[in-house]
Each structure stands twice: as C-alpha cells, then as structure tokens.
Amino acid sequence: MNASDDHYIIKKTDNLIEACYYIKKNGPDPLWRDHSSLNTSLPFLLTQLFVVLFVDRILLLILKYLRQPPIVAHILCGVLLGPTMLSRTSFSRKYIFPHKTILVLETFANLALTYYMFLVGLEMEFTLIMHAGSQVVSIAAAGIIFPLLFGFGLYFMAVTKSEHFDGRGSMFWAIALTATNFPDLTKILADLKLLRTNIGKIAMCSAIISDIFTWFLLIMAISIFNGQKFNAVLSTGIFILISIFALRPTVAWLIDRTSRGEIISDTHVWFIMAGILLCGLATDACGSHSIVGAFMFGAILPHDDTVRTKILERLHDVVTGLLMPLFFLVCGIRSDLRYMFEHTPWEMVLIVVVMSWVAKIASVFFISLHYKMSTMDSLVLGLLMNTKGVLALIVLNTGRNIKVLSSFSSPIVFGLVKL
C-alpha cells in the first residue's frame, strides 16, 4: 500500500513494542461506518471477486455452446478485465482494481493456485507411467525437446531488439511451450469420448511425462535465477524424496488406522487441507515454490476412490469455481495485449504464435507416424498434446515474479496460450 495512505505508529518501551495501524481519512464521512470503505482492502476484494465470477460465468455459458473448454473462458475473462480492456479505464483503476489492492489479490490467487495444484497431483494417474512403452516415451520426449528448442529460438528472435531484453527469459518461454496441461486434456478427452481409446491413453500418459519434466525444468529455473542454485535444487529434491519414501506411507498408515472401515471423515479432510499448506510452506522455504509442495502432497496421497472422492467433494468446486478465477484475473492484469500489438509488428506476433503452435504438433505428428499410426490419428494426437492451460501460465507468472520476463515479452506468450 502507499505510504501516504497507510501508516504505522510504533511506540517502544523497555518491555513492550506497540504498533498502531491507522488509515488516512479520504472523502466525506460514510453513513454507517467510521471510515470510508475505499480505504480498506476487503471491500475491494469482494468487489473484484464478484466482478470476476460474474464475467467468468457469463463467458462459460457463451463458450459452452461453442464447444470450448472452460480454460478458454477463464483466460478470456482475465484478458477482458485486465489492462487490455476494463482496467484501462479510470473508473476501474479507482473503484475496482486500484494498485494498492493488487498485492492482496495476488495473495489470494496464489493460495488458490496452491490448492489447485494439490488437486492436480491428486488426479494424476502415475500408474500409467509404469506401463508406458517406448512409443509413449518417444512421443513425450519429442513433445518436450523440439518445443523447448523452438522456445529458445523464438524468444531471441522476437525480444532481442527490445530494451527490456533479458536472455534468462528464454528459459521460461521454452518451458511454457513444453507443457501439456493434464487436467484440461483429460476433460477434453472425456468430452470427445476418447478417454478410453488408444489415442486417449497415449495422450494422457505422454501428458503426465511431459508435465513432470516441465515441473523439473521450472524448479531448476526458479532455483538458478533466484540466486539459490545448488542449495535450492538439493533441498527441494530431498523434500520430494522424503515425500515419496517417508511421508507417503505415513499418511496412508494414518488414514487406514483412523478411518472407520472405508469412511473418510471431515476431520481427515481438514487435516489434509492443513497438510497442503505445510508442504507448500516447506518447498517455499527450500527456495522453489509453494505449489511444488502442494502438488507433491496430492501425488503421494492414497489414490483409492474413497479418499479421492471425499476430498474432491470438499475442495473441487470451491477451488476451481470460486478461487481459481482470481488467478486468471491476476494473469489478465499482468498482460496488456494492446501494449503487445502497439510495440510488436503483427508479422512477428503471427510468426511466434504459428511456430509455437506448430512445434509440438509437428514433433508429435512425425514421431507418431514413425510408430505406424495413421495420419489422422497422428494429427489428432499432436493437437491433443498441444493443450495448454494453467501450467503454462504458472511458468510465465513465475518468470514475471523473478523479473526475467517483462511486459514486452510475456503478453506475446500469454496471447499464444489463449489462442
């Protein structure tokens, strides 16, 4: 918050430090309260939550008839409410998205993301990897290596001439292109009735491998560019090993000993919710990101239907329907597509979008042909593996957080993800 608006008065004595927080009065006296609500964060947060939920639901209803996945509505909602459109107006900057409230908004968005990544880890079927053959591994590898190389090349081609150029940003462009968003891919396969087909199984298994490798690259990038380097990588790796070999059997034993038969009580759910925050805090302290710990905690929980169903009943609707729109709103506020088109030739934007789109599709397409898949099946698999979503946005936002992606470079890729 601005120092001119909000202050602390600190009084120190021998045995006590007293900090009094007061708010500068602004405008006429309100009717019911002793200060104006425009000076506090909660009314703004409630307003922002109402606006984003209202717009998001309208877009979901519209795009549902166009057979678009929910992720499209969420991202489009963030773009419409961001500086590309609504946040550019003086009314919005004063009454809806003033700068002093963005920190609170980002805090709730990161909390939502932490719980969302727990659900992603909970829903991932890691047993599929155990039965992955050479075809699946080759398809996943091709969908990682070639987009990674394309990402580096496109970044230096599009951003080198900018005054905001930072070579480290190429790493995050490249990582974003390797991602295949597993939750959204699963929903698309279910909608297309391809979930139990051979293409669907290959796509899901390849997506899990691709996303795990993307997570690994992201952890490495965060650790290196945050100045932590070896210590952060080592401590995060130790946490992951402890989670797999110590925490996982311990949690399974506790649930088995304290549950009544096959009934998982609300107490189990609340302890699990606390465990999400604790694991997120642990990986944040390691120097990576809190979402890594939350994801690992979801991945190590017992994946039987009873535990998974109970947790999803309690968390899924609240996290995805109420909290996650705040994350997409933050993404939209951070991305100004008007700025992109004003400072970037449209030919360059077109080249970046097309080449990024082609990189993964073409690599998966040709490797699938090598394994004697039909041309149509190879093309469908390439399109499915090019599914982008929350994971790519996490990569881009992380790059913005550690200031290796600027307002010049990030919106281009954000537009790519939206398209």
# chains A, B, ... in the order shown; residues from 1 in each chain; ligands from 1

$ closest_atom_pairs --of "segment 299-352 of chain A" --to "segment 101-111 of chain A" --cutoff "8 Å" --atoms "only C-alpha atoms" --output "Markdown table"
| residue | atom | partner | partner_atom | distance |
| --- | --- | --- | --- | --- |
| A:Leu323 | CA | A:Ala109 | CA | 6.9 |
| A:Met324 | CA | A:Ala109 | CA | 6.8 |
| A:Leu326 | CA | A:Ala109 | CA | 5.2 |
| A:Phe327 | CA | A:Ala109 | CA | 4.4 |
| A:Val330 | CA | A:Glu106 | CA | 6.5 |

$ residues_around --residues "Ala132 of chain A" --least-positions-apart "2" --cutoff "10 Å" --atoms "only C-alpha atoms" --output "tab-separated table (two decimals) with N, CA and C atoms, in the first residue's frame"
chain	number	residue	atom	x	y	z
A	127	THR	N	0.29	-44.38	-12.14
A	127	THR	CA	0.44	-45.79	-12.50
A	127	THR	C	0.53	-45.99	-14.01
A	128	LEU	N	0.00	-45.01	-14.77
A	128	LEU	CA	0.08	-45.12	-16.23
A	128	LEU	C	1.53	-45.11	-16.71
A	129	ILE	N	2.38	-44.39	-15.99
A	129	ILE	CA	3.79	-44.31	-16.40
A	129	ILE	C	4.46	-45.66	-16.28
A	130	MET	N	4.04	-46.44	-15.29
A	130	MET	CA	4.66	-47.75	-15.07
A	130	MET	C	4.46	-48.68	-16.26
A	134	SER	N	7.77	-47.82	-25.24
A	134	SER	CA	8.70	-46.95	-25.97
A	134	SER	C	7.97	-45.92	-26.81
A	135	GLN	N	6.77	-46.28	-27.30
A	135	GLN	CA	6.01	-45.34	-28.11
A	135	GLN	C	5.61	-44.12	-27.29
A	136	VAL	N	5.09	-44.33	-26.09
A	136	VAL	CA	4.66	-43.22	-25.25
A	136	VAL	C	5.84	-42.35	-24.85
A	137	VAL	N	6.94	-42.99	-24.44
A	137	VAL	CA	8.13	-42.24	-24.03
A	137	VAL	C	8.68	-41.41	-25.20
A	201	LYS	N	-5.39	-42.91	-24.18
A	201	LYS	CA	-4.43	-43.45	-23.21
A	201	LYS	C	-3.01	-42.99	-23.52
A	202	ILE	N	-2.65	-42.96	-24.79
A	202	ILE	CA	-1.32	-42.48	-25.17
A	202	ILE	C	-1.17	-41.00	-24.81
A	205	CYS	N	-0.89	-40.52	-20.87
A	205	CYS	CA	0.39	-40.98	-20.35
A	205	CYS	C	1.53	-40.05	-20.79
A	206	SER	N	1.50	-39.64	-22.05
A	206	SER	CA	2.52	-38.71	-22.56
A	206	SER	C	2.42	-37.36	-21.87
A	209	ILE	N	4.09	-37.51	-18.39
A	209	ILE	CA	5.55	-37.45	-18.52
A	209	ILE	C	5.99	-36.04	-18.88

$ closest_residue --among "A:Phe239, A:Phe328, A:Trp357, A:Phe150" --to "Ala73 of chain A" --atoms "only C-alpha atoms"
A:Phe328

$ residues_around --residues "Ala294 of chain A" --least-positions-apart "4" --cutoff "9 Å" --atoms "only C-alpha atoms" --output "MDAnalysis selection string"
chainID A and resid 114:119 121 275:281 283 290 298:299

$ write_last_selection --atoms "N, CA and C atoms" --output "PDB file, in the first residue's frame"
ATOM      1  N   THR A 114      -2.235 -22.847  -5.023  1.00  0.00           N
ATOM      2  CA  THR A 114      -1.664 -23.893  -4.177  1.00  0.00           C
ATOM      3  C   THR A 114      -2.642 -25.051  -4.016  1.00  0.00           C
ATOM      4  N   TYR A 115      -3.902 -24.745  -3.711  1.00  0.00           N
ATOM      5  CA  TYR A 115      -4.903 -25.805  -3.562  1.00  0.00           C
ATOM      6  C   TYR A 115      -5.227 -26.455  -4.902  1.00  0.00           C
ATOM      7  N   TYR A 116      -5.195 -25.678  -5.981  1.00  0.00           N
ATOM      8  CA  TYR A 116      -5.470 -26.243  -7.300  1.00  0.00           C
ATOM      9  C   TYR A 116      -4.397 -27.257  -7.689  1.00  0.00           C
ATOM     10  N   MET A 117      -3.138 -26.938  -7.423  1.00  0.00           N
ATOM     11  CA  MET A 117      -2.078 -27.868  -7.790  1.00  0.00           C
ATOM     12  C   MET A 117      -2.119 -29.124  -6.936  1.00  0.00           C
ATOM     13  N   PHE A 118      -2.637 -29.019  -5.723  1.00  0.00           N
ATOM     14  CA  PHE A 118      -2.868 -30.227  -4.929  1.00  0.00           C
ATOM     15  C   PHE A 118      -3.879 -31.130  -5.633  1.00  0.00           C
ATOM     16  N   LEU A 119      -4.961 -30.539  -6.152  1.00  0.00           N
ATOM     17  CA  LEU A 119      -5.964 -31.330  -6.859  1.00  0.00           C
ATOM     18  C   LEU A 119      -5.386 -31.946  -8.130  1.00  0.00           C
ATOM     19  N   GLY A 121      -2.236 -32.896  -8.572  1.00  0.00           N
ATOM     20  CA  GLY A 121      -1.452 -34.049  -8.136  1.00  0.00           C
ATOM     21  C   GLY A 121      -2.320 -35.209  -7.705  1.00  0.00           C
ATOM     22  N   GLY A 275      -2.245 -30.022   5.714  1.00  0.00           N
ATOM     23  CA  GLY A 275      -1.031 -30.601   5.165  1.00  0.00           C
ATOM     24  C   GLY A 275      -0.629 -29.974   3.846  1.00  0.00           C
ATOM     25  N   ILE A 276      -1.606 -29.569   3.043  1.00  0.00           N
ATOM     26  CA  ILE A 276      -1.314 -28.877   1.778  1.00  0.00           C
ATOM     27  C   ILE A 276      -0.507 -27.616   2.040  1.00  0.00           C
ATOM     28  N   LEU A 277      -0.969 -26.824   3.014  1.00  0.00           N
ATOM     29  CA  LEU A 277      -0.281 -25.572   3.335  1.00  0.00           C
ATOM     30  C   LEU A 277       1.103 -25.836   3.912  1.00  0.00           C
ATOM     31  N   LEU A 278       1.215 -26.872   4.746  1.00  0.00           N
ATOM     32  CA  LEU A 278       2.503 -27.181   5.350  1.00  0.00           C
ATOM     33  C   LEU A 278       3.520 -27.607   4.299  1.00  0.00           C
ATOM     34  N   CYS A 279       3.115 -28.451   3.359  1.00  0.00           N
ATOM     35  CA  CYS A 279       4.030 -28.872   2.292  1.00  0.00           C
ATOM     36  C   CYS A 279       4.376 -27.704   1.368  1.00  0.00           C
ATOM     37  N   GLY A 280       3.393 -26.835   1.109  1.00  0.00           N
ATOM     38  CA  GLY A 280       3.678 -25.643   0.317  1.00  0.00           C
ATOM     39  C   GLY A 280       4.682 -24.742   1.003  1.00  0.00           C
ATOM     40  N   LEU A 281       4.542 -24.589   2.313  1.00  0.00           N
ATOM     41  CA  LEU A 281       5.493 -23.780   3.079  1.00  0.00           C
ATOM     42  C   LEU A 281       6.883 -24.403   3.042  1.00  0.00           C
ATOM     43  N   THR A 283       8.338 -26.321   0.643  1.00  0.00           N
ATOM     44  CA  THR A 283       9.037 -26.112  -0.628  1.00  0.00           C
ATOM     45  C   THR A 283       9.329 -24.644  -0.876  1.00  0.00           C
ATOM     46  N   SER A 290       5.654 -22.720  -3.502  1.00  0.00           N
ATOM     47  CA  SER A 290       4.727 -23.446  -2.638  1.00  0.00           C
ATOM     48  C   SER A 290       3.877 -24.449  -3.410  1.00  0.00           C
ATOM     49  N   GLY A 298      -0.504 -33.900  -3.016  1.00  0.00           N
ATOM     50  CA  GLY A 298      -1.602 -34.537  -3.729  1.00  0.00           C
ATOM     51  C   GLY A 298      -1.171 -35.810  -4.419  1.00  0.00           C
ATOM     52  N   ALA A 299       0.067 -35.835  -4.912  1.00  0.00           N
ATOM     53  CA  ALA A 299       0.553 -37.007  -5.637  1.00  0.00           C
ATOM     54  C   ALA A 299       0.800 -38.197  -4.726  1.00  0.00           C
TER      55      ALA A 299
END

$ closest_residue --among "A:Ser335, A:Ser235, A:Ser265, A:Thr375" --to "Ser87 of chain A" --atoms "only C-alpha atoms"
A:Ser335

$ atom_distance --atom1 "atom CA of Met157 of chain A" --atom2 "atom CA of Leu379 of chain A"
27.6 Å

$ residues_around --residues "Pro147 of chain A" --least-positions-apart "5" --cutoff "6 Å" --atoms "only C-alpha atoms" --output "tab-separated table (two decimals) with all heavy atoms, in the first residue's frame"
chain	number	residue	atom	x	y	z
A	177	LEU	N	6.32	-23.76	-23.50
A	177	LEU	CA	5.93	-24.48	-24.71
A	177	LEU	C	6.00	-25.99	-24.53
A	177	LEU	O	5.37	-26.74	-25.29
A	177	LEU	CB	6.81	-24.07	-25.89
A	177	LEU	CG	6.66	-22.61	-26.37
A	177	LEU	CD1	7.50	-22.39	-27.61
A	177	LEU	CD2	5.21	-22.29	-26.65
A	178	THR	N	6.75	-26.47	-23.55
A	178	THR	CA	6.83	-27.93	-23.35
A	178	THR	C	5.62	-28.47	-22.61
A	178	THR	O	5.36	-29.68	-22.65
A	178	THR	CB	8.09	-28.29	-22.53
A	178	THR	OG1	7.99	-27.71	-21.22
A	178	THR	CG2	9.35	-27.77	-23.22
A	359	ALA	N	5.28	-26.29	-33.33
A	359	ALA	CA	6.42	-27.03	-32.76
A	359	ALA	C	5.99	-28.35	-32.15
A	359	ALA	O	6.55	-29.41	-32.48
A	359	ALA	CB	7.13	-26.16	-31.73
A	360	LYS	N	5.02	-28.31	-31.26
A	360	LYS	CA	4.63	-29.54	-30.57
A	360	LYS	C	3.80	-30.44	-31.46
A	360	LYS	O	3.95	-31.66	-31.45
A	360	LYS	CB	3.85	-29.19	-29.30
A	360	LYS	CG	3.69	-30.37	-28.35
A	360	LYS	CD	3.67	-29.90	-26.92
A	360	LYS	CE	3.88	-31.06	-25.96
A	360	LYS	NZ	4.19	-30.62	-24.60

$ select_by_dssp --residues "segment 187-269 of chain A" --states "alpha helix (DSSP H)" --output "ChimeraX atom specification"
/A:187-191,198-225,230-242,248-258,266-269

$ residues_around --residues "Gly78 of chain A" --least-positions-apart "5" --cutoff "12 Å" --atoms "only C-alpha atoms" --output "MDAnalysis selection string"
chainID A and resid 48 51:53 55:56 59 71:73 83:87 324:337 393 414:415 418

$ write_last_selection --atoms "C-alpha atoms" --output "short mmCIF file (atom, residue, chain, number, x, y, z; two decimals), in the first residue's frame"
data_model
loop_
_atom_site.label_atom_id
_atom_site.label_comp_id
_atom_site.auth_asym_id
_atom_site.auth_seq_id
_atom_site.Cartn_x
_atom_site.Cartn_y
_atom_site.Cartn_z
CA GLN A 48 -13.15 -7.94 -7.53
CA VAL A 51 -16.87 -8.97 -10.96
CA VAL A 52 -14.60 -11.84 -11.97
CA LEU A 53 -17.14 -14.53 -11.03
CA VAL A 55 -17.94 -12.22 -16.08
CA ASP A 56 -16.42 -15.70 -15.88
CA LEU A 59 -18.31 -16.41 -20.68
CA ILE A 71 -9.95 -22.79 -19.63
CA VAL A 72 -10.73 -20.60 -22.64
CA ALA A 73 -13.44 -18.73 -20.72
CA PRO A 83 -5.49 -3.53 -18.87
CA THR A 84 -6.34 -4.80 -22.34
CA MET A 85 -9.92 -3.54 -21.76
CA LEU A 86 -11.62 -2.82 -18.40
CA SER A 87 -8.60 -1.99 -16.22
CA MET A 324 -9.12 -20.00 -9.36
CA PRO A 325 -10.84 -17.18 -11.30
CA LEU A 326 -8.74 -14.84 -9.14
CA PHE A 327 -5.59 -16.45 -10.53
CA PHE A 328 -6.75 -15.93 -14.11
CA LEU A 329 -7.66 -12.36 -13.19
CA VAL A 330 -4.11 -11.74 -11.97
CA CYS A 331 -2.77 -13.21 -15.23
CA GLY A 332 -5.01 -10.82 -17.17
CA ILE A 333 -3.97 -7.81 -15.09
CA ARG A 334 -0.33 -8.63 -15.75
CA SER A 335 -0.81 -8.90 -19.51
CA ASP A 336 -1.65 -5.98 -21.77
CA LEU A 337 -2.35 -7.24 -25.28
CA LEU A 393 0.50 -19.68 -17.07
CA PHE A 414 0.02 -15.17 -22.95
CA GLY A 415 -1.74 -14.47 -26.24
CA LYS A 418 -5.14 -18.01 -25.04
#

$ atom_distance --atom1 "atom CA of Ala362 of chain A" --atom2 "atom CA of Ile219 of chain A"
27.1 Å

$ closest_residue --among "A:Leu396, A:Leu194, A:Ile272, A:Ile367" --to "Ala174 of chain A" --atoms "only C-alpha atoms"
A:Leu396

$ atom_distance --atom1 "atom CA of Met124 of chain A" --atom2 "atom CA of Gly151 of chain A"
26.3 Å

$ closest_residue --among "A:Ala142, A:Val404, A:Val395, A:Leu315" --to "Ala179 of chain A" --atoms "only C-alpha atoms"
A:Val395
